[in-house]
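**Q** If it helps, the file is called coords_27.cif and holds mmCIF, C-alpha atoms; chains and numbers go by the auth columns:
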```cif
data_coords
loop_
_atom_site.group_PDB
_atom_site.id
_atom_site.type_symbol
_atom_site.label_atom_id
_atom_site.label_comp_id
_atom_site.label_asym_id
_atom_site.label_seq_id
_atom_site.Cartn_x
_atom_site.Cartn_y
_atom_site.Cartn_z
_atom_site.B_iso_or_equiv
_atom_site.auth_seq_id
_atom_site.auth_asym_id
ATOM 1 C CA MET A 1 0.000 0.000 0.000 0.00 8 A
ATOM 2 C CA VAL A 2 2.822 2.423 0.904 0.00 9 A
ATOM 3 C CA ALA A 3 4.590 1.605 -2.371 0.00 10 A
ATOM 4 C CA LEU A 4 1.413 2.329 -4.317 0.00 11 A
ATOM 5 C CA VAL A 5 0.963 5.742 -2.643 0.00 12 A
ATOM 6 C CA ALA A 6 4.634 6.591 -3.264 0.00 13 A
ATOM 7 C CA ALA A 7 4.340 5.598 -6.942 0.00 14 A
ATOM 8 C CA MET A 8 1.229 7.776 -7.317 0.00 15 A
ATOM 9 C CA MET A 9 3.025 10.763 -5.759 0.00 16 A
ATOM 10 C CA VAL A 10 6.016 10.377 -8.084 0.00 17 A
ATOM 11 C CA ALA A 11 3.746 10.066 -11.116 0.00 18 A
ATOM 12 C CA ALA A 12 1.849 13.204 -10.077 0.00 19 A
ATOM 13 C CA CYS A 13 5.052 15.247 -9.768 0.00 20 A
ATOM 14 C CA SER A 14 7.169 14.015 -12.630 0.00 21 A
ATOM 15 C CA GLY A 15 7.419 15.686 -15.996 0.00 22 A
ATOM 16 C CA ASN A 16 4.120 17.507 -15.927 0.00 23 A
ATOM 17 C CA ASP A 17 5.132 20.526 -13.865 0.00 24 A
ATOM 18 C CA VAL A 18 5.872 23.548 -16.002 0.00 25 A
ATOM 19 C CA VAL A 19 7.998 26.197 -14.355 0.00 26 A
ATOM 20 C CA GLU A 20 6.964 29.601 -15.620 0.00 27 A
ATOM 21 C CA PRO A 21 9.658 32.308 -15.838 0.00 28 A
ATOM 22 C CA VAL A 22 9.382 35.005 -13.198 0.00 29 A
ATOM 23 C CA PRO A 23 9.231 38.512 -14.693 0.00 30 A
ATOM 24 C CA ALA A 24 12.027 40.613 -13.196 0.00 31 A
ATOM 25 C CA ILE A 25 14.137 43.742 -13.592 0.00 32 A
ATOM 26 C CA GLU A 26 17.644 44.586 -12.444 0.00 33 A
ATOM 27 C CA ILE A 27 19.518 47.886 -12.520 0.00 34 A
ATOM 28 C CA GLY A 28 23.176 48.779 -12.450 0.00 35 A
ATOM 29 C CA LEU A 29 24.885 52.132 -11.926 0.00 36 A
ATOM 30 C CA SER A 30 28.161 53.390 -13.345 0.00 37 A
ATOM 31 C CA PRO A 31 29.804 54.824 -11.375 0.00 38 A
ATOM 32 C CA GLY A 32 28.315 53.563 -8.105 0.00 39 A
ATOM 33 C CA ALA A 33 29.654 56.584 -6.209 0.00 40 A
ATOM 34 C CA LEU A 34 30.374 60.163 -7.253 0.00 41 A
ATOM 35 C CA SER A 35 31.247 63.634 -6.036 0.00 42 A
ATOM 36 C CA VAL A 36 29.284 66.788 -6.750 0.00 43 A
ATOM 37 C CA THR A 37 30.579 70.245 -5.930 0.00 44 A
ATOM 38 C CA GLN A 38 28.093 72.756 -4.529 0.00 45 A
ATOM 39 C CA ASP A 39 26.422 74.691 -7.361 0.00 46 A
ATOM 40 C CA ALA A 40 27.458 72.051 -9.912 0.00 47 A
ATOM 41 C CA SER A 41 26.230 68.709 -11.258 0.00 48 A
ATOM 42 C CA ASN A 42 27.496 65.248 -12.125 0.00 49 A
ATOM 43 C CA THR A 43 25.983 62.232 -13.885 0.00 50 A
ATOM 44 C CA VAL A 44 25.545 58.505 -13.391 0.00 51 A
ATOM 45 C CA ASN A 45 24.648 55.984 -16.109 0.00 52 A
ATOM 46 C CA LEU A 46 21.878 53.513 -15.326 0.00 53 A
ATOM 47 C CA SER A 47 21.512 50.203 -17.149 0.00 54 A
ATOM 48 C CA LEU A 48 18.326 48.143 -16.994 0.00 55 A
ATOM 49 C CA THR A 49 17.973 44.414 -17.585 0.00 56 A
ATOM 50 C CA ARG A 50 14.549 42.835 -18.129 0.00 57 A
ATOM 51 C CA SER A 51 14.105 39.078 -17.722 0.00 58 A
ATOM 52 C CA GLY A 52 11.484 36.368 -17.342 0.00 59 A
ATOM 53 C CA GLY A 53 9.424 37.679 -20.231 0.00 60 A
ATOM 54 C CA PHE A 54 8.931 41.147 -18.727 0.00 61 A
ATOM 55 C CA THR A 55 8.477 43.751 -21.486 0.00 62 A
ATOM 56 C CA GLY A 56 6.756 46.601 -19.670 0.00 63 A
ATOM 57 C CA ASP A 57 7.671 50.195 -18.916 0.00 64 A
ATOM 58 C CA VAL A 58 9.971 50.923 -15.966 0.00 65 A
ATOM 59 C CA SER A 59 9.991 54.156 -13.962 0.00 66 A
ATOM 60 C CA ILE A 60 13.158 55.409 -12.259 0.00 67 A
ATOM 61 C CA VAL A 61 13.177 57.545 -9.086 0.00 68 A
ATOM 62 C CA ILE A 62 15.859 58.619 -6.616 0.00 69 A
ATOM 63 C CA ASP A 63 15.042 58.131 -2.923 0.00 70 A
ATOM 64 C CA LYS A 64 16.668 59.717 0.143 0.00 71 A
ATOM 65 C CA LEU A 65 17.668 62.977 -1.553 0.00 72 A
ATOM 66 C CA PRO A 66 18.973 65.398 1.084 0.00 73 A
ATOM 67 C CA THR A 67 18.060 69.074 1.133 0.00 74 A
ATOM 68 C CA GLY A 68 19.824 70.989 -1.622 0.00 75 A
ATOM 69 C CA ILE A 69 20.379 68.071 -4.019 0.00 76 A
ATOM 70 C CA LEU A 70 18.101 67.787 -7.048 0.00 77 A
ATOM 71 C CA SER A 71 17.903 64.842 -9.423 0.00 78 A
ATOM 72 C CA THR A 72 16.706 64.358 -12.967 0.00 79 A
ATOM 73 C CA VAL A 73 16.449 61.099 -14.865 0.00 80 A
ATOM 74 C CA ALA A 74 16.477 61.090 -18.655 0.00 81 A
ATOM 75 C CA PRO A 75 14.308 59.417 -19.689 0.00 82 A
ATOM 76 C CA PRO A 76 12.325 59.030 -16.413 0.00 83 A
ATOM 77 C CA SER A 77 10.360 56.083 -17.821 0.00 84 A
ATOM 78 C CA LEU A 78 12.030 53.362 -19.862 0.00 85 A
ATOM 79 C CA ASP A 79 9.765 51.782 -22.459 0.00 86 A
ATOM 80 C CA PRO A 80 10.509 48.231 -23.674 0.00 87 A
ATOM 81 C CA ALA A 81 12.900 49.504 -26.363 0.00 88 A
ATOM 82 C CA VAL A 82 15.036 51.452 -23.849 0.00 89 A
ATOM 83 C CA SER A 83 17.504 49.880 -21.425 0.00 90 A
ATOM 84 C CA SER A 84 19.505 52.853 -20.162 0.00 91 A
ATOM 85 C CA ALA A 85 19.103 56.287 -18.617 0.00 92 A
ATOM 86 C CA VAL A 86 21.268 59.123 -17.348 0.00 93 A
ATOM 87 C CA ILE A 87 20.808 60.383 -13.808 0.00 94 A
ATOM 88 C CA THR A 88 21.948 63.961 -13.180 0.00 95 A
ATOM 89 C CA LEU A 89 22.497 65.118 -9.609 0.00 96 A
ATOM 90 C CA ARG A 90 22.846 68.827 -8.932 0.00 97 A
ATOM 91 C CA ALA A 91 24.067 70.126 -5.585 0.00 98 A
ATOM 92 C CA GLY A 92 22.758 73.593 -4.836 0.00 99 A
ATOM 93 C CA THR A 93 24.600 76.170 -2.789 0.00 100 A
ATOM 94 C CA ILE A 94 22.544 75.127 0.251 0.00 101 A
ATOM 95 C CA ALA A 95 23.600 71.459 0.016 0.00 102 A
ATOM 96 C CA THR A 96 25.615 70.552 3.113 0.00 103 A
ATOM 97 C CA PRO A 97 29.017 69.033 2.296 0.00 104 A
ATOM 98 C CA GLY A 98 29.228 65.367 3.253 0.00 105 A
ATOM 99 C CA THR A 99 28.501 61.886 1.948 0.00 106 A
ATOM 100 C CA TYR A 100 24.929 60.733 1.395 0.00 107 A
ATOM 101 C CA ASN A 101 23.622 57.262 0.576 0.00 108 A
ATOM 102 C CA LEU A 102 20.852 57.485 -1.998 0.00 109 A
ATOM 103 C CA THR A 103 18.687 54.709 -3.387 0.00 110 A
ATOM 104 C CA VAL A 104 17.864 54.470 -7.085 0.00 111 A
ATOM 105 C CA ARG A 105 14.581 52.601 -7.496 0.00 112 A
ATOM 106 C CA ALA A 106 13.141 51.060 -10.663 0.00 113 A
ATOM 107 C CA THR A 107 9.487 50.021 -10.692 0.00 114 A
ATOM 108 C CA GLY A 108 7.278 48.334 -13.247 0.00 115 A
ATOM 109 C CA SER A 109 3.842 46.736 -13.310 0.00 116 A
ATOM 110 C CA GLY A 110 3.978 43.042 -12.399 0.00 117 A
ATOM 111 C CA VAL A 111 7.609 42.992 -11.206 0.00 118 A
ATOM 112 C CA ILE A 112 9.303 43.508 -7.869 0.00 119 A
ATOM 113 C CA ALA A 113 11.044 46.888 -7.662 0.00 120 A
ATOM 114 C CA ALA A 114 14.805 46.831 -8.223 0.00 121 A
ATOM 115 C CA THR A 115 17.116 49.098 -6.243 0.00 122 A
ATOM 116 C CA ALA A 116 20.743 50.158 -6.343 0.00 123 A
ATOM 117 C CA ASP A 117 22.727 52.172 -3.799 0.00 124 A
ATOM 118 C CA LEU A 118 24.430 55.377 -4.877 0.00 125 A
ATOM 119 C CA ALA A 119 26.909 57.177 -2.613 0.00 126 A
ATOM 120 C CA VAL A 120 27.086 60.918 -3.318 0.00 127 A
ATOM 121 C CA THR A 121 29.695 63.181 -1.780 0.00 128 A
ATOM 122 C CA VAL A 122 28.898 66.888 -1.782 0.00 129 A
ATOM 123 C CA VAL A 123 32.078 68.946 -1.917 0.00 130 A
ATOM 124 C CA ALA A 124 32.170 72.546 -0.704 0.00 131 A
ATOM 125 C CA ALA A 125 32.504 75.095 -3.489 0.00 132 A
ATOM 126 C CA SER A 126 35.855 76.807 -3.641 0.00 133 A
ATOM 127 C CA SER A 127 35.933 80.219 -2.021 0.00 134 A
ATOM 128 C CA PHE A 128 38.829 81.295 -4.244 0.00 135 A
ATOM 129 C CA GLY A 129 38.303 84.809 -5.505 0.00 136 A
ATOM 130 C CA THR A 130 35.712 85.829 -2.923 0.00 137 A
#
```
What does this structure look like when you write it as structure tokens?

**A**
Amino acid sequence: MVALVAAMMVAACSGNDVVEPVPAIEIGLSPGALSVTQDASNTVNLSLTRSGGFTGDVSIVIDKLPTGILSTVAPPSLDPAVSSAVITLRAGTIATPGTYNLTVRATGSGVIAATADLAVTVVAASSFGT
């Protein structure tokens, strides 16, 4: 009887299970850390990888921006034909010098959000000539 139940369980599990791919996104940043002088800007390149049959749009946002640092992402939404973007960070004159850990977040419908850490060091503007 035990052998019969075991044989039925093996037959139920063998060969008929289809594993569906899991839609996913991943992002990478180059460079992963950068410096920005007050009243200036610097850029980071973002690369996006879609997998598991995911072909939807992906939106990019920057989290944890401190006071005085502005970000722009071009383009801010990556359609299926686009796999890269440029992130520009601008440190205003009110940005406090120091190192900040930002999070770049990519989101799309039907996939888990992907994140990447970005360390940004704000450098004091030179006071030469003032």

**Q** Can you pull out every residue within 7 Å of stretch 83-91 of chain A, counting all atoms listed in the file, but drop anything in the same chain fewer than 5 positions away, and send it as a list in words?

**A**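 Residues near the query, excluding close chain neighbours: Leu53, Ser54, Leu55, Thr56, Thr62, Gly63, Asp64, Val65, Ser66 and Ile67 of chain A.
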
**Q** With C-alpha atoms retained, write the just-selected residues as a PDB file, keeping the file's coordinate frame.

**A**
```
ATOM      1  CA  LEU A  53      21.878  53.513 -15.326  1.00  0.00           C
ATOM      2  CA  SER A  54      21.512  50.203 -17.149  1.00  0.00           C
ATOM      3  CA  LEU A  55      18.326  48.143 -16.994  1.00  0.00           C
ATOM      4  CA  THR A  56      17.973  44.414 -17.585  1.00  0.00           C
ATOM      5  CA  THR A  62       8.477  43.751 -21.486  1.00  0.00           C
ATOM      6  CA  GLY A  63       6.756  46.601 -19.670  1.00  0.00           C
ATOM      7  CA  ASP A  64       7.671  50.195 -18.916  1.00  0.00           C
ATOM      8  CA  VAL A  65       9.971  50.923 -15.966  1.00  0.00           C
ATOM      9  CA  SER A  66       9.991  54.156 -13.962  1.00  0.00           C
ATOM     10  CA  ILE A  67      13.158  55.409 -12.259  1.00  0.00           C
TER      11      ILE A  67
END
```

**Q** Anything within 10 Å of (26.9, 68.3, -7.2): list those residues as a ChimeraX atom specification, counting all atoms listed in the file and sticking to the file's coordinates.

**A** /A:41-50,75-78,95-100,102,104,127-132

**Q** Expanded to explicit residues, what is the PyMOL selection byres ((chain A and resi 40) around 10) for this file, as a compact mmCIF listing (two decimals) with C-alpha atoms, in the coordinates of the input?

**A**
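Resulting contents of selection38.txt:
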```txt
# COMPACT_ATOMS: atom_id res chain seq x y z
CA LEU A 36 24.88 52.13 -11.93
CA SER A 37 28.16 53.39 -13.34
CA PRO A 38 29.80 54.82 -11.38
CA GLY A 39 28.32 53.56 -8.10
CA LEU A 41 30.37 60.16 -7.25
CA SER A 42 31.25 63.63 -6.04
CA VAL A 51 25.54 58.50 -13.39
CA THR A 106 28.50 61.89 1.95
CA TYR A 107 24.93 60.73 1.40
CA ASN A 108 23.62 57.26 0.58
CA LEU A 109 20.85 57.48 -2.00
CA ASP A 124 22.73 52.17 -3.80
CA LEU A 125 24.43 55.38 -4.88
CA ALA A 126 26.91 57.18 -2.61
CA VAL A 127 27.09 60.92 -3.32
CA THR A 128 29.70 63.18 -1.78
```

**Q** Which residues are near A:Arg112? Cut-off 7 Å, only C-alpha atoms, ignore same chain within fewer than 4 positions. Put them as a list in words.

**A** Ile67, Val68, Ile69, Ala120, Ala121, Thr122 and Ala123 of chain A

**Q** Select, from A:Gly115, A:Pro82, A:Pro73, A:Pro30, the residue with the minimum atom-to-atom distance to A:Thr103, counting only C-alpha atoms.

**A**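 Of A:Gly115, A:Pro82, A:Pro73, A:Pro30, the one nearest A:Thr103, counting only C-alpha atoms, is A:Pro73.
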
**Q** In Å, how far is it from atom CA of A:Asp70 to atom CA of A:Val111?

**A** 6.2 Å

**Q** Please measure the separation of atom CA of A:Asn52 and atom CA of A:Ile94, giving the value in Å to one decimal.

**A** 6.3 Å

**Q** I'd like the interatomic distance between atom CA of A:Thr79 and atom CA of A:Gly105, to a tenth of an Å.

**A**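 That distance, rounded to one decimal, is 20.5 Å.
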
**Q** For A:Ile101, which residue out of A:Ala113, A:Pro28, A:Phe61, A:Thr74 is the nearest one, using all atoms listed in the file?

**A**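 For A:Ile101, the nearest of the given residues is A:Thr74.
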